[in-house]
Amino acid sequence: MTTIALKTMFRCRKTHKQKMLAQGTLAMLADLADRYPGKTFEYVSAYRVSRDESATSPHRHAQALDFRIRGVKLRDVRDYVWRTYSHVGVGWYPQGSTGAYLHIDSRPTLNDTSWTFVHGSNRYNPYWAELARRPEQVANKTHERKPGS
Ligand SMILES: [Zn+2]
């Protein structure tokens with residue numbers, strides 16, 4: 001896809017300003033596109049520069065993308081991104097007004113941050129983030145043996 005098409009697709013929906021998404025964010029998106037071939041990505045929001053967008057928001061700096069993938073469990077995408085990448089923000093929005101979505105951003109100079117957005121606020125360092133980065137524990141739970149088996 002051309003740069004112009006991407007800029008238009010990810011433009012600020014309120015101001016119609018355009019800015020290319022950060023390289024790290026595009027790289028994650030390209031990786032996800034490879035991981036889920038043939039799936040439709042629905043973009044909820046990307047670049048946001050309206051007055052009500054916080055000065056520190058990764059959306060304001062075109063580093064963030066809110067999206068979902070049709071027919072794919074958001075939990076799987078969430079855990080994969082969090083497990084695979086560093087210098088990222090991963091936010092899970094299970095109760096979005098227009099449906100659940102996932103926020104990802106690249107933040108080269110900041111610590112990894114994970115959160116779940118519930119009842120109007122961010123809950124940081126949620127259980128899923130801890131589990132996703134401890135694959136041996138997840139594996140043990142999945143393969144838990146029943147007594148006698
Ligand atoms: Zn977001």
# chains A, B, ... in the order shown; residues from 1 in each chain; ligands from 1

$ residues_near_ligand --ligand "ligand 1" --cutoff "8 Å" --atoms "only C-alpha atoms and all ligand atoms" --output "VMD selection string"
chain A and resid 45 to 46 58 to 59 64 to 66 91 102 to 105

$ write_last_selection --atoms "N, CA and C atoms" --output "mmCIF file, in the first residue's frame"
data_model
loop_
_atom_site.group_PDB
_atom_site.id
_atom_site.type_symbol
_atom_site.label_atom_id
_atom_site.label_comp_id
_atom_site.auth_asym_id
_atom_site.auth_seq_id
_atom_site.Cartn_x
_atom_site.Cartn_y
_atom_site.Cartn_z
ATOM 1 N N SER A 45 -9.315 3.948 15.216
ATOM 2 C CA SER A 45 -8.729 5.271 15.375
ATOM 3 C C SER A 45 -7.208 5.158 15.274
ATOM 4 N N ALA A 46 -6.579 6.221 14.770
ATOM 5 C CA ALA A 46 -5.117 6.194 14.701
ATOM 6 C C ALA A 46 -4.573 7.556 15.130
ATOM 7 N N PRO A 58 -0.194 8.898 22.768
ATOM 8 C CA PRO A 58 0.530 8.366 21.605
ATOM 9 C C PRO A 58 -0.248 8.532 20.299
ATOM 10 N N HIS A 59 -1.555 8.741 20.410
ATOM 11 C CA HIS A 59 -2.333 9.013 19.199
ATOM 12 C C HIS A 59 -1.939 10.363 18.603
ATOM 13 N N ALA A 64 0.035 5.437 17.696
ATOM 14 C CA ALA A 64 -0.955 4.490 18.219
ATOM 15 C C ALA A 64 -2.004 4.126 17.179
ATOM 16 N N LEU A 65 -2.503 2.926 17.355
ATOM 17 C CA LEU A 65 -3.539 2.430 16.468
ATOM 18 C C LEU A 65 -4.567 1.666 17.298
ATOM 19 N N ASP A 66 -5.832 1.998 17.110
ATOM 20 C CA ASP A 66 -6.928 1.250 17.722
ATOM 21 C C ASP A 66 -7.599 0.454 16.613
ATOM 22 N N GLY A 91 -3.364 -1.693 25.039
ATOM 23 C CA GLY A 91 -4.573 -1.436 25.819
ATOM 24 C C GLY A 91 -5.731 -2.254 25.272
ATOM 25 N N LEU A 102 -8.610 -3.132 20.302
ATOM 26 C CA LEU A 102 -7.288 -3.184 20.912
ATOM 27 C C LEU A 102 -6.521 -1.923 20.523
ATOM 28 N N HIS A 103 -5.808 -1.379 21.494
ATOM 29 C CA HIS A 103 -4.920 -0.246 21.232
ATOM 30 C C HIS A 103 -3.484 -0.756 21.267
ATOM 31 N N ILE A 104 -2.711 -0.433 20.256
ATOM 32 C CA ILE A 104 -1.272 -0.704 20.315
ATOM 33 C C ILE A 104 -0.525 0.579 19.972
ATOM 34 N N ASP A 105 0.599 0.782 20.621
ATOM 35 C CA ASP A 105 1.443 1.910 20.231
ATOM 36 C C ASP A 105 2.902 1.542 20.423
#

$ select_by_dssp --residues "range 16-121 of chain A" --states "strand (DSSP E or B)" --output "ChimeraX atom specification"
/A:41-45,64-69,88-93,101-106,113-118,121

$ write_last_selection --atoms "N, CA and C atoms" --output "mmCIF file, in the first residue's frame"
data_model
loop_
_atom_site.group_PDB
_atom_site.id
_atom_site.type_symbol
_atom_site.label_atom_id
_atom_site.label_comp_id
_atom_site.auth_asym_id
_atom_site.auth_seq_id
_atom_site.Cartn_x
_atom_site.Cartn_y
_atom_site.Cartn_z
ATOM 1 N N PHE A 41 -8.900 -6.142 8.749
ATOM 2 C CA PHE A 41 -8.566 -5.264 9.870
ATOM 3 C C PHE A 41 -9.524 -4.083 9.873
ATOM 4 N N GLU A 42 -10.118 -3.834 11.013
ATOM 5 C CA GLU A 42 -11.007 -2.670 11.143
ATOM 6 C C GLU A 42 -10.313 -1.627 12.011
ATOM 7 N N TYR A 43 -10.059 -0.461 11.428
ATOM 8 C CA TYR A 43 -9.369 0.586 12.155
ATOM 9 C C TYR A 43 -10.373 1.477 12.852
ATOM 10 N N VAL A 44 -10.228 1.562 14.156
ATOM 11 C CA VAL A 44 -11.142 2.382 14.950
ATOM 12 C C VAL A 44 -10.628 3.813 15.006
ATOM 13 N N SER A 45 -9.315 3.948 15.216
ATOM 14 C CA SER A 45 -8.729 5.271 15.375
ATOM 15 C C SER A 45 -7.208 5.158 15.274
ATOM 16 N N ALA A 64 0.035 5.437 17.696
ATOM 17 C CA ALA A 64 -0.955 4.490 18.219
ATOM 18 C C ALA A 64 -2.004 4.126 17.179
ATOM 19 N N LEU A 65 -2.503 2.926 17.355
ATOM 20 C CA LEU A 65 -3.539 2.430 16.468
ATOM 21 C C LEU A 65 -4.567 1.666 17.298
ATOM 22 N N ASP A 66 -5.832 1.998 17.110
ATOM 23 C CA ASP A 66 -6.928 1.250 17.722
ATOM 24 C C ASP A 66 -7.599 0.454 16.613
ATOM 25 N N PHE A 67 -7.782 -0.837 16.838
ATOM 26 C CA PHE A 67 -8.280 -1.680 15.756
ATOM 27 C C PHE A 67 -8.852 -2.980 16.297
ATOM 28 N N ARG A 68 -9.459 -3.713 15.404
ATOM 29 C CA ARG A 68 -9.841 -5.096 15.672
ATOM 30 C C ARG A 68 -9.639 -5.863 14.382
ATOM 31 N N ILE A 69 -9.627 -7.180 14.496
ATOM 32 C CA ILE A 69 -9.477 -8.011 13.298
ATOM 33 C C ILE A 69 -10.698 -8.915 13.231
ATOM 34 N N VAL A 88 6.358 -0.936 23.966
ATOM 35 C CA VAL A 88 4.998 -0.858 23.439
ATOM 36 C C VAL A 88 3.992 -0.495 24.528
ATOM 37 N N GLY A 89 2.874 0.024 24.076
ATOM 38 C CA GLY A 89 1.699 0.136 24.918
ATOM 39 C C GLY A 89 0.633 -0.759 24.311
ATOM 40 N N VAL A 90 -0.007 -1.557 25.161
ATOM 41 C CA VAL A 90 -1.101 -2.402 24.689
ATOM 42 C C VAL A 90 -2.290 -2.182 25.616
ATOM 43 N N GLY A 91 -3.364 -1.693 25.039
ATOM 44 C CA GLY A 91 -4.573 -1.436 25.819
ATOM 45 C C GLY A 91 -5.731 -2.254 25.272
ATOM 46 N N TRP A 92 -6.424 -2.875 26.179
ATOM 47 C CA TRP A 92 -7.567 -3.723 25.806
ATOM 48 C C TRP A 92 -8.849 -3.000 26.177
ATOM 49 N N TYR A 93 -9.720 -2.828 25.197
ATOM 50 C CA TYR A 93 -10.991 -2.126 25.387
ATOM 51 C C TYR A 93 -12.130 -3.103 25.103
ATOM 52 N N TYR A 101 -12.140 -3.335 21.070
ATOM 53 C CA TYR A 101 -10.989 -3.107 20.210
ATOM 54 C C TYR A 101 -9.708 -3.146 21.020
ATOM 55 N N LEU A 102 -8.610 -3.132 20.302
ATOM 56 C CA LEU A 102 -7.288 -3.184 20.912
ATOM 57 C C LEU A 102 -6.521 -1.923 20.523
ATOM 58 N N HIS A 103 -5.808 -1.379 21.494
ATOM 59 C CA HIS A 103 -4.920 -0.246 21.232
ATOM 60 C C HIS A 103 -3.484 -0.756 21.267
ATOM 61 N N ILE A 104 -2.711 -0.433 20.256
ATOM 62 C CA ILE A 104 -1.272 -0.704 20.315
ATOM 63 C C ILE A 104 -0.525 0.579 19.972
ATOM 64 N N ASP A 105 0.599 0.782 20.621
ATOM 65 C CA ASP A 105 1.443 1.910 20.231
ATOM 66 C C ASP A 105 2.902 1.542 20.423
ATOM 67 N N SER A 106 3.740 2.170 19.639
ATOM 68 C CA SER A 106 5.181 2.018 19.833
ATOM 69 C C SER A 106 5.655 3.232 20.608
ATOM 70 N N THR A 113 3.746 -0.511 28.686
ATOM 71 C CA THR A 113 2.570 -0.233 29.494
ATOM 72 C C THR A 113 1.400 -1.057 28.989
ATOM 73 N N SER A 114 0.729 -1.730 29.916
ATOM 74 C CA SER A 114 -0.453 -2.511 29.543
ATOM 75 C C SER A 114 -1.627 -2.071 30.390
ATOM 76 N N TRP A 115 -2.799 -2.127 29.808
ATOM 77 C CA TRP A 115 -3.985 -1.756 30.578
ATOM 78 C C TRP A 115 -5.237 -2.359 29.967
ATOM 79 N N THR A 116 -6.240 -2.436 30.825
ATOM 80 C CA THR A 116 -7.588 -2.773 30.379
ATOM 81 C C THR A 116 -8.464 -1.577 30.705
ATOM 82 N N PHE A 117 -9.247 -1.171 29.749
ATOM 83 C CA PHE A 117 -10.142 -0.050 29.965
ATOM 84 C C PHE A 117 -11.523 -0.589 30.364
ATOM 85 N N VAL A 118 -11.864 -0.397 31.627
ATOM 86 C CA VAL A 118 -13.182 -0.862 32.104
ATOM 87 C C VAL A 118 -13.864 0.209 32.951
ATOM 88 N N SER A 121 -12.233 3.771 33.009
ATOM 89 C CA SER A 121 -10.860 4.106 33.368
ATOM 90 C C SER A 121 -9.897 2.964 33.064
#

$ select_by_dssp --residues "range 60-119 of chain A" --states "helix (DSSP H, G or I)" --output "MDAnalysis selection string"
chainID A and resid 74:84

$ write_last_selection --atoms "C-alpha atoms" --output "PDB file, in the first residue's frame"
ATOM      1  CA  LEU A  74      -8.888  -9.798  20.463  1.00  0.00           C
ATOM      2  CA  ARG A  75      -7.411 -11.623  23.433  1.00  0.00           C
ATOM      3  CA  ASP A  76      -5.137 -13.596  21.125  1.00  0.00           C
ATOM      4  CA  VAL A  77      -3.936 -10.491  19.312  1.00  0.00           C
ATOM      5  CA  ARG A  78      -3.457  -8.653  22.609  1.00  0.00           C
ATOM      6  CA  ASP A  79      -1.402 -11.436  24.167  1.00  0.00           C
ATOM      7  CA  TYR A  80       0.666 -11.941  21.040  1.00  0.00           C
ATOM      8  CA  VAL A  81       1.635  -8.272  20.752  1.00  0.00           C
ATOM      9  CA  TRP A  82       2.415  -7.965  24.444  1.00  0.00           C
ATOM     10  CA  ARG A  83       4.471 -11.171  24.481  1.00  0.00           C
ATOM     11  CA  THR A  84       6.358 -10.368  21.285  1.00  0.00           C
TER      12      THR A  84
END

$ closest_atom_pairs --of "range 26-63 of chain A" --to "range 1-8 of chain A" --cutoff "12 Å" --atoms "only C-alpha atoms" --output "Markdown table"
| residue | atom | partner | partner_atom | distance |
| --- | --- | --- | --- | --- |
| A:Leu26 | CA | A:Leu6 | CA | 9.8 |
| A:Leu29 | CA | A:Leu6 | CA | 11.8 |
| A:Ala30 | CA | A:Met1 | CA | 11.0 |
| A:Tyr43 | CA | A:Leu6 | CA | 11.4 |
| A:Ala46 | CA | A:Lys7 | CA | 9.9 |
| A:Tyr47 | CA | A:Lys7 | CA | 9.1 |
| A:Ala62 | CA | A:Lys7 | CA | 10.1 |

$ closest_residue --among "A:Gly24, A:Pro108, A:Gly38, A:Pro126" --to "Val72 in chain A" --atoms "only C-alpha atoms"
A:Gly38
